[in-house]
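Remarks on the structure that follows.
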Amino acid sequence: MLAIVIPYYKLVFFRETLESLANQTDKRFNVYIGDDASPENPQELLEAYRDKITFTYTHFNENLGSISLVKQWQRCIDLIQDEKWIMILGDDDVLTDNTVASWYRNYEQFKDKANVVKFATKLIFQENATTSEPYLHPVWEKATDSYFRKFKALTRSSLSEYIFAKKAYDEHGFYDYPLAWYSDDSAWIAFSEQKEIYCINESLIMIRLSEINISGKKDNIALKMKAKEQFFKDFILERLSDFNKKQRLELLLAYEVAIKDQRNPIGKEWLTLGYYYLINFNGLALLKFIRRFFISTFKK
């Protein structure tokens with residue numbers, strides 16, 4: 001059975017999310033809604049869907065999302081019963097009618113072969129009421145290659161379009177970065193446990209971008225930059241060997257830039273970067289790094 005977990009806070013688009021669940025052609029899922037002490041009570045709206053969706057609603061008295069969005073995700077996941085697979089769906093995102101049906105239709109293809117399943121997506125641009133072209137993916141793909149395509153801006157990725165095995169979540173959990181920015185990226189690599197990600201391209205998750213959600217906001221850039229640095233420092237460096245050599249060098253440079261976007265690297269950071277450039281030896285890349293170090297350290 002599939003658990004669809006909704007960390008709820010905003011009412012404005014929530015009806016569309018619920019309607020997309022009510023319209024599923026396959027109803028083999030349970031919905032768990034965790035209200036993050038929202039000032040916008042959804043219970044009147046939920047009553048309209050009482051006979052259309054099997055859901056459990058929990059109101060939390062403490063707002064955790066403003067402190068740690070990952071902790072809000074975790075306590076919402078704690079609401080589920082014995083489901084083995086989990087989707088965390090944003091309270092403003094939408095499933096196409098055949099999403100759950102396509103999940104079950106493909107189940108035998110990835111059963112025991114994947115811990116992470118990904119859907120194709122479209123973006124909803126709320127500002128001008130348009131949608132993007134669909135983002136399709138290889139049916140089977142290494143988790144590191146999937147992330148690297150996003151890193152190179154060849155695709156996109158966000159939390160709502162994934163379904164993951166509960167056992168993998170229990171083993172690894174989510175990294176707690178500011179705004180949960182990059183927390184999902186690190187999860188798919190960790191949760192996969194060296195298994196490839198399976199993608200379902202026959203149905204879509206519609207991901208909304210608006211001025212009131214984290215992805216669309218412009219006033220949180222500093223926190224996103226901090227999260228990026230932490231992600232590269234705490235996660236990418238630890239798993240650098242999982243990427244190929246060309247990818248490793250590009251990721252090292254990205255970590256260096258992520259530090260410099262906030263401050264001049266300190267001695268320990270230069271040593272760490274130098275160590276990884278050395279063990280992933282590329283003569284030209286190493287010489288360029290040494291040059292950047294001297295310019296940064298001894299510039300007047």
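Identifiers in this document derive from the order of the structure tokens: chains are assigned A, B, ..., residues are numbered from 1 separately in each chain, and ligands are numbered from 1 in order of occurrence.
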ask   = Near segment 66-71 of chain A, within 9 Å and counting only C-alpha atoms, which residues show up once chain neighbours fewer than 4 positions away are dropped, as a PyMOL selection string?
value = chain A and resi 75-76+174-180+183
Just to be explicit: take each residue in the selection above, keep C-alpha atoms, and write the result as an mmCIF file, in the first residue's frame.
```cif
data_model
loop_
_atom_site.group_PDB
_atom_site.id
_atom_site.type_symbol
_atom_site.label_atom_id
_atom_site.label_comp_id
_atom_site.auth_asym_id
_atom_site.auth_seq_id
_atom_site.Cartn_x
_atom_site.Cartn_y
_atom_site.Cartn_z
ATOM 1 C CA ARG A 75 6.739 13.939 12.096
ATOM 2 C CA CYS A 76 4.296 13.716 9.183
ATOM 3 C CA PHE A 174 16.765 13.236 5.519
ATOM 4 C CA TYR A 175 19.711 15.582 5.940
ATOM 5 C CA ASP A 176 18.470 18.700 7.720
ATOM 6 C CA TYR A 177 19.605 21.654 5.595
ATOM 7 C CA PRO A 178 18.166 25.197 5.839
ATOM 8 C CA LEU A 179 14.747 25.357 4.124
ATOM 9 C CA ALA A 180 15.260 21.631 3.403
ATOM 10 C CA SER A 183 17.584 17.645 1.534
#
```
task = Write out as a list of chain:residue names which residues come within 8 Å of segment 283-297 of chain A when counting only C-alpha atoms, dropping same-chain ones fewer than 6 positions away.
result = A:Leu249, A:Asn264, A:Trp270, A:Gly274, A:Tyr277
Please produce a file of those selected residues containing all heavy atoms, as a JSON list (two decimals), in the first residue's frame.
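Contents of part.json, freshly written:
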```json
[["chain", "number", "residue", "atom", "x", "y", "z"],
["A", 249, "LEU", "N", 35.32, 16.30, -10.44],
["A", 249, "LEU", "CA", 36.03, 17.56, -10.58],
["A", 249, "LEU", "C", 35.06, 18.74, -10.67],
["A", 249, "LEU", "O", 35.30, 19.81, -10.10],
["A", 249, "LEU", "CB", 36.95, 17.52, -11.81],
["A", 249, "LEU", "CG", 38.14, 16.57, -11.68],
["A", 249, "LEU", "CD1", 38.85, 16.42, -13.01],
["A", 249, "LEU", "CD2", 39.12, 17.05, -10.61],
["A", 264, "ASN", "N", 35.47, 34.19, 1.98],
["A", 264, "ASN", "CA", 36.73, 33.64, 1.50],
["A", 264, "ASN", "C", 37.00, 32.33, 2.25],
["A", 264, "ASN", "O", 36.85, 32.27, 3.48],
["A", 264, "ASN", "CB", 37.87, 34.63, 1.76],
["A", 264, "ASN", "CG", 39.04, 34.40, 0.82],
["A", 264, "ASN", "OD1", 38.85, 34.02, -0.32],
["A", 264, "ASN", "ND2", 40.23, 34.64, 1.32],
["A", 270, "TRP", "N", 40.58, 25.16, 2.39],
["A", 270, "TRP", "CA", 41.54, 25.05, 1.29],
["A", 270, "TRP", "C", 42.24, 23.68, 1.34],
["A", 270, "TRP", "O", 42.45, 23.03, 0.32],
["A", 270, "TRP", "CB", 42.59, 26.16, 1.36],
["A", 270, "TRP", "CG", 42.13, 27.50, 0.86],
["A", 270, "TRP", "CD1", 42.05, 28.66, 1.57],
["A", 270, "TRP", "CD2", 41.71, 27.81, -0.47],
["A", 270, "TRP", "NE1", 41.60, 29.68, 0.77],
["A", 270, "TRP", "CE2", 41.39, 29.20, -0.48],
["A", 270, "TRP", "CE3", 41.57, 27.08, -1.65],
["A", 270, "TRP", "CZ2", 40.94, 29.85, -1.64],
["A", 270, "TRP", "CZ3", 41.13, 27.74, -2.79],
["A", 270, "TRP", "CH2", 40.82, 29.10, -2.77],
["A", 274, "GLY", "N", 42.11, 20.93, -1.50],
["A", 274, "GLY", "CA", 43.37, 20.48, -2.07],
["A", 274, "GLY", "C", 43.53, 18.97, -2.00],
["A", 274, "GLY", "O", 43.99, 18.33, -2.96],
["A", 277, "TYR", "N", 41.22, 17.44, -4.65],
["A", 277, "TYR", "CA", 41.78, 17.65, -6.00],
["A", 277, "TYR", "C", 42.96, 16.71, -6.23],
["A", 277, "TYR", "O", 43.15, 16.19, -7.33],
["A", 277, "TYR", "CB", 42.22, 19.10, -6.17],
["A", 277, "TYR", "CG", 41.12, 20.02, -6.66],
["A", 277, "TYR", "CD1", 40.58, 20.99, -5.83],
["A", 277, "TYR", "CD2", 40.62, 19.92, -7.96],
["A", 277, "TYR", "CE1", 39.57, 21.84, -6.27],
["A", 277, "TYR", "CE2", 39.62, 20.75, -8.41],
["A", 277, "TYR", "CZ", 39.09, 21.71, -7.56],
["A", 277, "TYR", "OH", 38.10, 22.55, -8.00]]
```
request  = Write down as a PyMOL selection string the residues of segment 17-141 of chain A whose backbone DSSP state falls under strand (DSSP E).
outcome  = chain A and resi 29-36+55-60+85-88+94-95+116-125+130-131+140-141
Expected file contents, prior selection, N, CA and C atoms, as a compact mmCIF listing (two decimals), in the first residue's frame:
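Final output, result-v4.txt:
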```
# COMPACT_ATOMS: atom_id res chain seq x y z
N PHE A 29 -4.37 3.90 -1.92
CA PHE A 29 -3.43 4.75 -1.19
C PHE A 29 -4.14 5.35 0.02
N ASN A 30 -3.36 5.67 1.03
CA ASN A 30 -3.86 6.38 2.20
C ASN A 30 -3.14 7.72 2.30
N VAL A 31 -3.88 8.74 2.69
CA VAL A 31 -3.33 10.09 2.78
C VAL A 31 -3.18 10.46 4.25
N TYR A 32 -2.01 11.04 4.58
CA TYR A 32 -1.74 11.50 5.94
C TYR A 32 -1.38 12.98 5.87
N ILE A 33 -2.20 13.80 6.49
CA ILE A 33 -2.04 15.25 6.43
C ILE A 33 -1.57 15.75 7.79
N GLY A 34 -0.41 16.38 7.82
CA GLY A 34 0.14 16.93 9.06
C GLY A 34 0.13 18.44 9.01
N ASP A 35 -0.78 19.04 9.77
CA ASP A 35 -0.98 20.50 9.79
C ASP A 35 0.08 21.13 10.69
N ASP A 36 0.95 21.93 10.08
CA ASP A 36 2.09 22.53 10.79
C ASP A 36 1.66 23.80 11.54
N PHE A 55 -8.22 9.53 4.35
CA PHE A 55 -7.16 10.37 4.90
C PHE A 55 -7.22 10.43 6.42
N THR A 56 -6.08 10.73 6.99
CA THR A 56 -5.95 11.00 8.42
C THR A 56 -5.40 12.41 8.56
N TYR A 57 -6.08 13.23 9.34
CA TYR A 57 -5.66 14.63 9.53
C TYR A 57 -5.17 14.81 10.96
N THR A 58 -3.99 15.40 11.11
CA THR A 58 -3.43 15.68 12.43
C THR A 58 -3.01 17.14 12.49
N HIS A 59 -3.50 17.84 13.50
CA HIS A 59 -3.09 19.23 13.73
C HIS A 59 -1.98 19.24 14.77
N PHE A 60 -0.82 19.79 14.40
CA PHE A 60 0.29 19.94 15.35
C PHE A 60 0.22 21.33 15.97
N TRP A 85 5.71 2.17 1.11
CA TRP A 85 6.19 3.16 0.17
C TRP A 85 5.56 4.51 0.50
N ILE A 86 6.33 5.58 0.32
CA ILE A 86 5.90 6.91 0.75
C ILE A 86 6.12 7.93 -0.35
N MET A 87 5.12 8.78 -0.54
CA MET A 87 5.26 10.00 -1.33
C MET A 87 5.02 11.18 -0.39
N ILE A 88 5.89 12.18 -0.42
CA ILE A 88 5.65 13.43 0.32
C ILE A 88 5.18 14.46 -0.71
N VAL A 94 0.09 18.78 -7.67
CA VAL A 94 -1.08 18.07 -8.23
C VAL A 94 -0.62 16.82 -8.96
N LEU A 95 -1.38 15.74 -8.79
CA LEU A 95 -1.14 14.51 -9.54
C LEU A 95 -2.07 14.44 -10.74
N VAL A 116 13.86 3.88 -4.92
CA VAL A 116 13.38 5.22 -5.26
C VAL A 116 12.75 5.17 -6.65
N VAL A 117 11.54 5.70 -6.75
CA VAL A 117 10.81 5.77 -8.02
C VAL A 117 10.48 7.24 -8.28
N LYS A 118 10.65 7.63 -9.52
CA LYS A 118 10.48 9.04 -9.90
C LYS A 118 9.45 9.15 -11.01
N PHE A 119 8.65 10.21 -10.98
CA PHE A 119 7.67 10.47 -12.03
C PHE A 119 8.14 11.61 -12.92
N ALA A 120 7.66 11.61 -14.15
CA ALA A 120 7.83 12.77 -15.01
C ALA A 120 7.05 13.94 -14.40
N THR A 121 7.43 15.15 -14.77
CA THR A 121 6.79 16.34 -14.18
C THR A 121 6.53 17.42 -15.22
N LYS A 122 5.64 18.32 -14.84
CA LYS A 122 5.50 19.62 -15.47
C LYS A 122 5.51 20.68 -14.37
N LEU A 123 5.99 21.85 -14.70
CA LEU A 123 5.95 22.97 -13.77
C LEU A 123 4.70 23.81 -14.04
N ILE A 124 4.04 24.25 -12.98
CA ILE A 124 2.96 25.21 -13.08
C ILE A 124 3.52 26.57 -12.67
N PHE A 125 3.55 27.51 -13.59
CA PHE A 125 4.02 28.86 -13.28
C PHE A 125 2.82 29.69 -12.86
N THR A 130 0.77 29.44 -16.69
CA THR A 130 1.24 28.58 -17.78
C THR A 130 1.92 27.34 -17.18
N THR A 131 2.16 26.37 -18.04
CA THR A 131 2.87 25.18 -17.61
C THR A 131 4.06 24.93 -18.54
N TRP A 140 15.63 3.75 -16.26
CA TRP A 140 16.55 3.36 -15.20
C TRP A 140 17.74 4.32 -15.22
N GLU A 141 18.14 4.81 -14.05
CA GLU A 141 19.26 5.75 -14.00
C GLU A 141 19.92 5.70 -12.63
```
request  = With a distance cut-off of 9 Å and only C-alpha atoms, select the neighbouring residues of Asp261 of chain A, excluding the residue or stretch itself and same-chain residues fewer than 4 positions from it, and output the selection as a ChimeraX atom specification.
outcome  = /A:225,256-257
task = Work out how far atom CA of Asp97 of chain A is from atom CA of Glu133 of chain A, in Å to one decimal.
result = 18.1 Å
